Every structure is written in structure tokens, then in C-alpha cells.
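Have a look at model31.txt below; it lists compact mmCIF, C-alpha atoms.
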# COMPACT_ATOMS: atom_id res chain seq x y z
CA MET K 806 0.00 0.00 0.00
CA LYS K 807 1.39 3.42 -0.94
CA GLU K 808 1.82 5.80 1.97
CA CYS K 809 0.48 9.33 1.52
CA SER K 810 2.45 11.64 3.82
CA LEU K 811 0.74 14.85 2.65
CA SER K 812 -2.79 14.00 3.79
CA LYS K 813 -3.99 15.17 7.19
CA VAL K 814 -6.74 13.17 8.84
CA ALA K 815 -8.74 14.12 11.93
CA GLY K 816 -10.23 11.58 14.30
CA LEU K 817 -13.87 11.45 15.37
CA VAL K 818 -15.23 9.22 18.13
CA LEU K 819 -19.01 8.78 18.28
CA ALA K 820 -19.76 8.19 21.97
CA ALA K 821 -23.13 9.82 22.62
CA GLY K 822 -25.48 6.85 22.90
CA ALA K 823 -27.22 5.71 26.07
CA GLY K 824 -26.36 2.06 25.45
CA THR K 825 -29.88 0.97 26.34
CA ARG K 826 -29.44 -2.62 25.14
CA TYR K 827 -26.08 -2.79 26.86
CA GLY K 828 -27.29 -1.48 30.21
CA GLY K 829 -25.60 1.92 30.19
CA PRO K 830 -23.48 4.30 28.10
CA LYS K 831 -20.69 2.33 26.48
CA ALA K 832 -18.38 5.32 26.84
CA LEU K 833 -18.31 4.48 30.57
CA VAL K 834 -17.50 0.79 30.17
CA ARG K 835 -14.04 -0.09 31.44
CA ALA K 836 -11.64 -2.51 29.85
CA ASP K 837 -9.61 -4.92 31.96
CA ASP K 838 -6.74 -2.42 31.96
CA GLY K 839 -9.01 0.11 33.68
CA HIS K 840 -9.37 2.51 30.77
CA LEU K 841 -12.77 3.70 29.63
CA LEU K 842 -13.72 2.67 26.12
CA VAL K 843 -13.95 6.34 25.16
CA GLU K 844 -10.32 6.74 26.23
CA HIS K 845 -9.37 3.66 24.24
CA ALA K 846 -11.09 4.95 21.10
CA ALA K 847 -9.46 8.38 21.29
CA ALA K 848 -6.03 6.84 21.88
CA THR K 849 -6.55 4.43 18.99
CA LEU K 850 -7.19 7.29 16.59
CA ARG K 851 -4.29 9.37 17.88
CA THR K 852 -1.81 6.50 17.74
CA GLY K 853 -3.13 5.60 14.31
CA GLY K 854 -2.06 8.99 12.99
CA CYS K 855 -5.13 11.21 13.41
CA ALA K 856 -5.16 14.80 14.65
CA PRO K 857 -7.05 16.67 15.92
CA ILE K 858 -9.35 14.32 17.84
CA VAL K 859 -13.02 15.12 18.50
CA VAL K 860 -15.25 13.06 20.79
CA VAL K 861 -19.01 13.54 20.58
CA LEU K 862 -20.82 12.96 23.88
CA GLY K 863 -24.50 12.79 24.75
CA ALA K 864 -25.95 10.50 27.41
CA LYS K 865 -24.40 11.20 30.84
CA SER K 866 -21.92 13.56 29.23
CA ASP K 867 -21.11 15.22 32.56
CA TRP K 868 -20.13 11.85 34.00
CA VAL K 869 -17.96 11.03 31.02
CA ARG K 870 -16.25 14.42 31.24
CA GLY K 871 -15.58 13.86 34.92
CA GLU K 872 -14.28 10.31 34.60
CA ALA K 873 -12.45 10.16 31.28
CA ARG K 874 -8.85 11.21 30.85
CA LEU K 875 -8.95 12.78 27.43
CA ALA K 876 -5.98 15.10 27.11
CA ASP K 877 -5.71 17.06 23.86
CA VAL K 878 -9.19 15.98 22.79
CA SER K 879 -12.08 18.28 21.88
CA LEU K 880 -15.31 17.22 23.57
CA VAL K 881 -18.55 18.10 21.80
CA ASP K 882 -21.97 17.73 23.40
CA ASN K 883 -24.75 16.54 21.10
CA ALA K 884 -27.97 17.79 22.64
CA ASP K 885 -29.92 15.79 20.07
CA TRP K 886 -28.18 12.47 20.84
CA LYS K 887 -31.49 10.66 21.42
CA SER K 888 -32.30 11.01 17.71
CA GLY K 889 -29.50 8.59 16.83
CA MET K 890 -25.97 8.33 15.53
CA GLY K 891 -26.62 10.61 12.57
CA SER K 892 -26.90 13.70 14.75
CA SER K 893 -23.60 12.85 16.46
CA LEU K 894 -21.87 12.48 13.11
CA ARG K 895 -23.22 15.86 12.02
CA ALA K 896 -22.08 17.45 15.28
CA GLY K 897 -18.61 16.00 14.88
CA LEU K 898 -18.23 17.15 11.29
CA ALA K 899 -19.43 20.63 12.25
CA ALA K 900 -16.84 20.78 15.03
CA LEU K 901 -14.10 20.02 12.50
CA ALA K 902 -15.30 22.52 9.89
CA ASP K 903 -12.32 24.84 10.41
CA ALA K 904 -9.71 22.12 10.91
CA ASP K 905 -6.86 21.97 8.40
CA VAL K 906 -7.45 18.35 7.39
CA ASP K 907 -8.22 16.41 4.24
CA GLY K 908 -10.60 14.00 5.93
CA VAL K 909 -11.79 12.41 9.15
CA ALA K 910 -11.54 8.88 10.50
CA VAL K 911 -14.78 7.92 12.24
CA LEU K 912 -14.67 5.34 15.03
CA LEU K 913 -17.52 4.05 17.18
CA VAL K 914 -16.83 3.97 20.91
CA ASP K 915 -18.12 0.40 21.24
CA THR K 916 -15.57 -1.29 18.95
CA PRO K 917 -12.70 -1.98 21.37
CA ASP K 918 -11.05 -4.60 19.17
CA ILE K 919 -10.14 -1.99 16.58
CA GLY K 920 -6.60 -0.83 17.30
CA PRO K 921 -4.19 1.75 15.90
CA GLU K 922 -2.89 -0.49 13.10
CA ALA K 923 -6.29 -0.62 11.40
CA VAL K 924 -6.61 3.16 11.64
CA ARG K 925 -3.08 3.62 10.33
CA ARG K 926 -3.78 1.47 7.29
CA LEU K 927 -6.66 3.71 6.31
CA VAL K 928 -4.86 6.96 7.10
CA VAL K 929 -1.87 6.17 4.87
CA ALA K 930 -4.26 5.30 2.03
CA VAL K 931 -5.88 8.75 1.99
CA ASP K 932 -5.06 10.55 -1.25
CA GLY K 933 -6.76 13.88 -0.64
CA PRO K 934 -10.11 15.43 0.30
CA GLY K 935 -12.02 13.23 -2.14
CA ALA K 936 -11.17 10.02 -0.28
CA LEU K 937 -13.81 7.54 0.87
CA LEU K 938 -12.32 4.57 2.71
CA THR K 939 -13.64 1.78 4.89
CA ALA K 940 -11.94 -1.03 6.70
CA THR K 941 -12.99 -4.41 5.33
CA TYR K 942 -13.29 -7.74 7.09
CA GLY K 943 -13.35 -10.67 4.72
CA GLY K 944 -14.74 -8.34 2.06
CA ARG K 945 -17.41 -6.85 4.34
CA ARG K 946 -17.24 -3.10 4.85
CA GLY K 947 -16.94 -1.97 8.44
CA HIS K 948 -15.26 0.50 10.76
CA PRO K 949 -13.26 2.61 10.90
CA VAL K 950 -14.37 4.80 8.01
CA ILE K 951 -12.51 7.75 6.54
CA ILE K 952 -14.58 10.49 4.95
CA GLY K 953 -12.76 13.02 2.79
CA ARG K 954 -13.65 16.67 3.33
CA ASP K 955 -15.26 16.92 -0.11
CA HIS K 956 -17.95 14.53 1.12
CA TRP K 957 -18.74 16.07 4.50
CA ALA K 958 -21.70 18.15 3.35
CA GLY K 959 -23.23 15.20 1.53
CA VAL K 960 -22.71 12.87 4.48
CA ALA K 961 -24.27 15.38 6.88
CA ALA K 962 -27.30 15.79 4.63
CA LEU K 963 -28.03 12.05 4.70
CA ALA K 964 -27.01 11.33 8.30
CA THR K 965 -30.34 10.89 10.04
CA GLY K 966 -31.50 8.55 12.78
CA ASP K 967 -29.01 5.74 13.30
CA VAL K 968 -27.90 5.66 9.67
CA GLY K 969 -24.68 7.63 10.15
CA ALA K 970 -22.60 7.68 6.97
CA ARG K 971 -24.04 4.40 5.67
CA ALA K 972 -26.58 5.95 3.30
CA TYR K 973 -24.00 8.23 1.69
CA LEU K 974 -21.46 5.43 1.31
CA ALA K 975 -24.09 3.22 -0.28
CA ALA K 976 -25.07 5.97 -2.71
CA HIS K 977 -21.41 6.46 -3.68
CA SER K 978 -20.35 2.84 -3.44
CA ALA K 979 -18.22 2.98 -6.59
CA LYS K 980 -16.00 5.63 -4.99
CA VAL K 981 -15.46 3.74 -1.73
CA ARG K 982 -12.12 1.97 -1.34
CA GLY K 983 -11.87 -0.96 1.03
CA VAL K 984 -8.76 -1.51 3.13
CA PRO K 985 -8.42 -5.10 4.44
CA CYS K 986 -8.07 -5.11 8.23
CA GLU K 987 -9.28 -8.55 9.29
CA ASP K 988 -5.76 -9.59 10.27
CA VAL K 989 -5.32 -6.73 12.75
CA ALA K 990 -8.81 -5.83 13.99
CA ASP K 991 -12.38 -6.92 14.66
CA ASP K 992 -15.16 -4.34 14.37
CA THR K 993 -17.73 -6.35 16.33
CA ASP K 994 -19.51 -3.93 18.64
CA LEU K 995 -20.61 -4.40 22.24
CA ASP K 996 -24.36 -4.51 21.83
CA VAL K 997 -25.74 -6.48 24.78
CA VAL K 998 -25.09 -6.93 28.48
CA PRO K 999 -21.93 -9.04 28.84
CA ALA K 1000 -23.76 -11.89 30.61
CA GLU K 1001 -25.97 -12.26 27.54
CA ASN K 1002 -23.18 -11.96 25.00
CA THR K 1003 -22.03 -15.19 23.38
CA SER K 1004 -18.47 -13.92 23.08
CA ALA K 1005 -16.37 -15.13 25.99
CA GLN K 1006 -13.74 -12.59 24.98
CA VAL K 1007 -16.17 -9.73 25.53
CA LYS K 1008 -17.25 -11.16 28.88
CA ARG K 1009 -13.65 -11.21 30.07
CA ARG K 1010 -12.75 -7.82 28.66
CA VAL K 1011 -15.41 -5.45 29.90
CA ARG K 1012 -17.38 -4.62 32.97
CA THR K 1013 -19.74 -1.75 33.73
CA ARG K 1014 -18.58 0.84 36.20
CA ALA K 1015 -20.13 0.43 39.64

Mind converting the file's structure to C-alpha cells?
Amino acid sequence: MKECSLSKVAGLVLAAGAGTRYGGPKALVRADDGHLLVEHAAATLRTGGCAPIVVVLGAKSDWVRGEARLADVSLVDNADWKSGMGSSLRAGLAALADADVDGVAVLLVDTPDIGPEAVRRLVVAVDGPGALLTATYGGRRGHPVIIGRDHWAGVAALATGDVGARAYLAAHSAKVRGVPCEDVADDTDLDVVPAENTSAQVKRRVRTRA
């Protein structure tokens, strides 16, 4: 893969949801090493080559702000977080409107098995503000996603409910480049209470904060 040293990519963590099916905001879930998942996601983007980093909060945002150690990260409150992921994506893109970047890498807070290497693979593949990239897993498109600046307005226009960037990517499928990441990451999200999850790995890895 050819490395593009001239492209600048911001990082955006979507961490506003209430995590109803999980039993609480996933931003406040702690990994076995004691770090909150929101901290893990921000660090993953930074180590993967993204700057600046924006984290969009919503449910229990005051608690997250008080608990999370997020140095050099811009925190954005999405007052409309209950409407779904789309509003958080719009809020994040708006917060980056004046940033000197060619694109943004979007990462969901509840995908702890995505590490810096997957992000780095996408970042070095960015070839300018027209880029549209997704990580792929056995040919399936997944996260993280990089959205070139040229597409931000279009993505924001279609980001409603819980759709996020999916509708825009589907409408521009021919322009989307996949970057294989199955050997370094797993984009499976934490979607249910650990006791109900069939993944023993997830059960061992996470616990809700008391």
C-alpha cells in the first residue's frame, strides 16, 4: 500500500449513545486495563495517525467528562443524541469545519477490538479530500471509516436517525475503497449486556462501572 504523507486526517469518536441494550453508556465501560472505552477509542485514533481528535458525547456527558482522561481531545456535546448516531456524526463534522485536514476517521466507541494499526492502514491510504475509505473484514465493509472533506456536506445531509454515513457510502459505493483489516482488527460492537453476549472474549474484557 502506498503511503500518503501529505494528507492530514482528523479523528472522530461517536460516543453519545445511552447504550440501552447494553445497560448503560458504552463510553463508561471499562476494559480490563481500567481505561474507559472512550479513552481507548481516542487513543486508537491518535496512535493511528489522526489529529485533531473530537469526541461527541451525549448520554451522561457530565459523568464522562468527569471520569475520562482525554488530554488534547475536543469534547462536543450533542444535545440531540437521542435522535440517533446521525446527529452525532453531524455534530462531529461541524466541530471540524475549520480544521486543516483532508478527511476524518470515524470510530464508534463500542468497537474496542479496533486498534491503531487498522486506523493507520486507512490513514496512509488517503489521497486527498475526495477520499472515501472503509476497513474491510473478509470483504465486508466496516469500521473505521474515513470520509474526505469533499464529502462532508453530503454525508451530513443524509445522516439521520441511526444511519450515520451508511446511506452516503451506499449511494457512492463505486468511490469507496476498502482496506483489508481482518488480520489486525475486529469491528464487532458491544451490543448487549456481557452476561448475555455469546463472546467469551467480551465477557472477560469489559465490565460496567459500579

Near-Arg946 of chain K list (10 Å; all atoms listed in the file; drop same-chain fewer than 4 positions) as a list in words: Leu938, Thr939, Ala940, Thr941, Tyr942, Val950, Val981, Arg982, Gly983, Val984, Pro985, Cys986 and Asp992 of chain K

I need every residue sitting at most 9 Å from the point (-6.8, 15.3, 17.7) (coordinates as in the file, all atoms listed in the file considered), written as a VMD selection string. chain K and resid 815 to 817 847 850 to 851 855 to 859 877 to 879

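Using all atoms listed in the file, the nearest neighbour of Arg926 of chain K within the list K:Val861, K:Asp988, K:Pro830, K:His977 is K:Asp988.
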
Test item: residues at most 10 Å from segment 892-897 of chain K, only C-alpha atoms, excluding those fewer than 6 positions along its chain, as a ChimeraX atom specification: /K:816-822,858-863,879-886,909,911,957-958,960-970

Could you please take those selected residues and save C-alpha atoms as a PDB file, in the coordinates of the input?
ATOM      1  CA  GLY K 816     -10.230  11.580  14.300  1.00  0.00           C
ATOM      2  CA  LEU K 817     -13.870  11.450  15.370  1.00  0.00           C
ATOM      3  CA  VAL K 818     -15.230   9.220  18.130  1.00  0.00           C
ATOM      4  CA  LEU K 819     -19.010   8.780  18.280  1.00  0.00           C
ATOM      5  CA  ALA K 820     -19.760   8.190  21.970  1.00  0.00           C
ATOM      6  CA  ALA K 821     -23.130   9.820  22.620  1.00  0.00           C
ATOM      7  CA  GLY K 822     -25.480   6.850  22.900  1.00  0.00           C
ATOM      8  CA  ILE K 858      -9.350  14.320  17.840  1.00  0.00           C
ATOM      9  CA  VAL K 859     -13.020  15.120  18.500  1.00  0.00           C
ATOM     10  CA  VAL K 860     -15.250  13.060  20.790  1.00  0.00           C
ATOM     11  CA  VAL K 861     -19.010  13.540  20.580  1.00  0.00           C
ATOM     12  CA  LEU K 862     -20.820  12.960  23.880  1.00  0.00           C
ATOM     13  CA  GLY K 863     -24.500  12.790  24.750  1.00  0.00           C
ATOM     14  CA  SER K 879     -12.080  18.280  21.880  1.00  0.00           C
ATOM     15  CA  LEU K 880     -15.310  17.220  23.570  1.00  0.00           C
ATOM     16  CA  VAL K 881     -18.550  18.100  21.800  1.00  0.00           C
ATOM     17  CA  ASP K 882     -21.970  17.730  23.400  1.00  0.00           C
ATOM     18  CA  ASN K 883     -24.750  16.540  21.100  1.00  0.00           C
ATOM     19  CA  ALA K 884     -27.970  17.790  22.640  1.00  0.00           C
ATOM     20  CA  ASP K 885     -29.920  15.790  20.070  1.00  0.00           C
ATOM     21  CA  TRP K 886     -28.180  12.470  20.840  1.00  0.00           C
ATOM     22  CA  VAL K 909     -11.790  12.410   9.150  1.00  0.00           C
ATOM     23  CA  VAL K 911     -14.780   7.920  12.240  1.00  0.00           C
ATOM     24  CA  TRP K 957     -18.740  16.070   4.500  1.00  0.00           C
ATOM     25  CA  ALA K 958     -21.700  18.150   3.350  1.00  0.00           C
ATOM     26  CA  VAL K 960     -22.710  12.870   4.480  1.00  0.00           C
ATOM     27  CA  ALA K 961     -24.270  15.380   6.880  1.00  0.00           C
ATOM     28  CA  ALA K 962     -27.300  15.790   4.630  1.00  0.00           C
ATOM     29  CA  LEU K 963     -28.030  12.050   4.700  1.00  0.00           C
ATOM     30  CA  ALA K 964     -27.010  11.330   8.300  1.00  0.00           C
ATOM     31  CA  THR K 965     -30.340  10.890  10.040  1.00  0.00           C
ATOM     32  CA  GLY K 966     -31.500   8.550  12.780  1.00  0.00           C
ATOM     33  CA  ASP K 967     -29.010   5.740  13.300  1.00  0.00           C
ATOM     34  CA  VAL K 968     -27.900   5.660   9.670  1.00  0.00           C
ATOM     35  CA  GLY K 969     -24.680   7.630  10.150  1.00  0.00           C
ATOM     36  CA  ALA K 970     -22.600   7.680   6.970  1.00  0.00           C
TER      37      ALA K 970
END

Rounded to one decimal, what separation in Å do you get between atom CA of Ala904 of chain K and atom CA of Ser888 of chain K?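 Atom-to-atom, atom CA of Ala904 of chain K and atom CA of Ser888 of chain K are spaced 26.1 Å apart.
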
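The coordinates place atom CA of Leu937 of chain K at 18.3 Å from atom CA of Glu922 of chain K.
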
Atom pair atom CA of Arg945 of chain K / atom CA of Val931 of chain K: separation (Å):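 Between atom CA of Arg945 of chain K and atom CA of Val931 of chain K the gap works out to 19.5 Å.
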
Which neighbours of Leu841 of chain K fall inside 7 Å, counting all atoms listed in the file, when residues of the same chain fewer than 6 positions from it are skipped, and could you give them as a PDB file with C-alpha atoms, keeping the file's coordinate frame?
ATOM      1  CA  ALA K 832     -18.380   5.320  26.840  1.00  0.00           C
ATOM      2  CA  LEU K 833     -18.310   4.480  30.570  1.00  0.00           C
ATOM      3  CA  VAL K 834     -17.500   0.790  30.170  1.00  0.00           C
ATOM      4  CA  ARG K 835     -14.040  -0.090  31.440  1.00  0.00           C
ATOM      5  CA  ALA K 873     -12.450  10.160  31.280  1.00  0.00           C
TER       6      ALA K 873
END
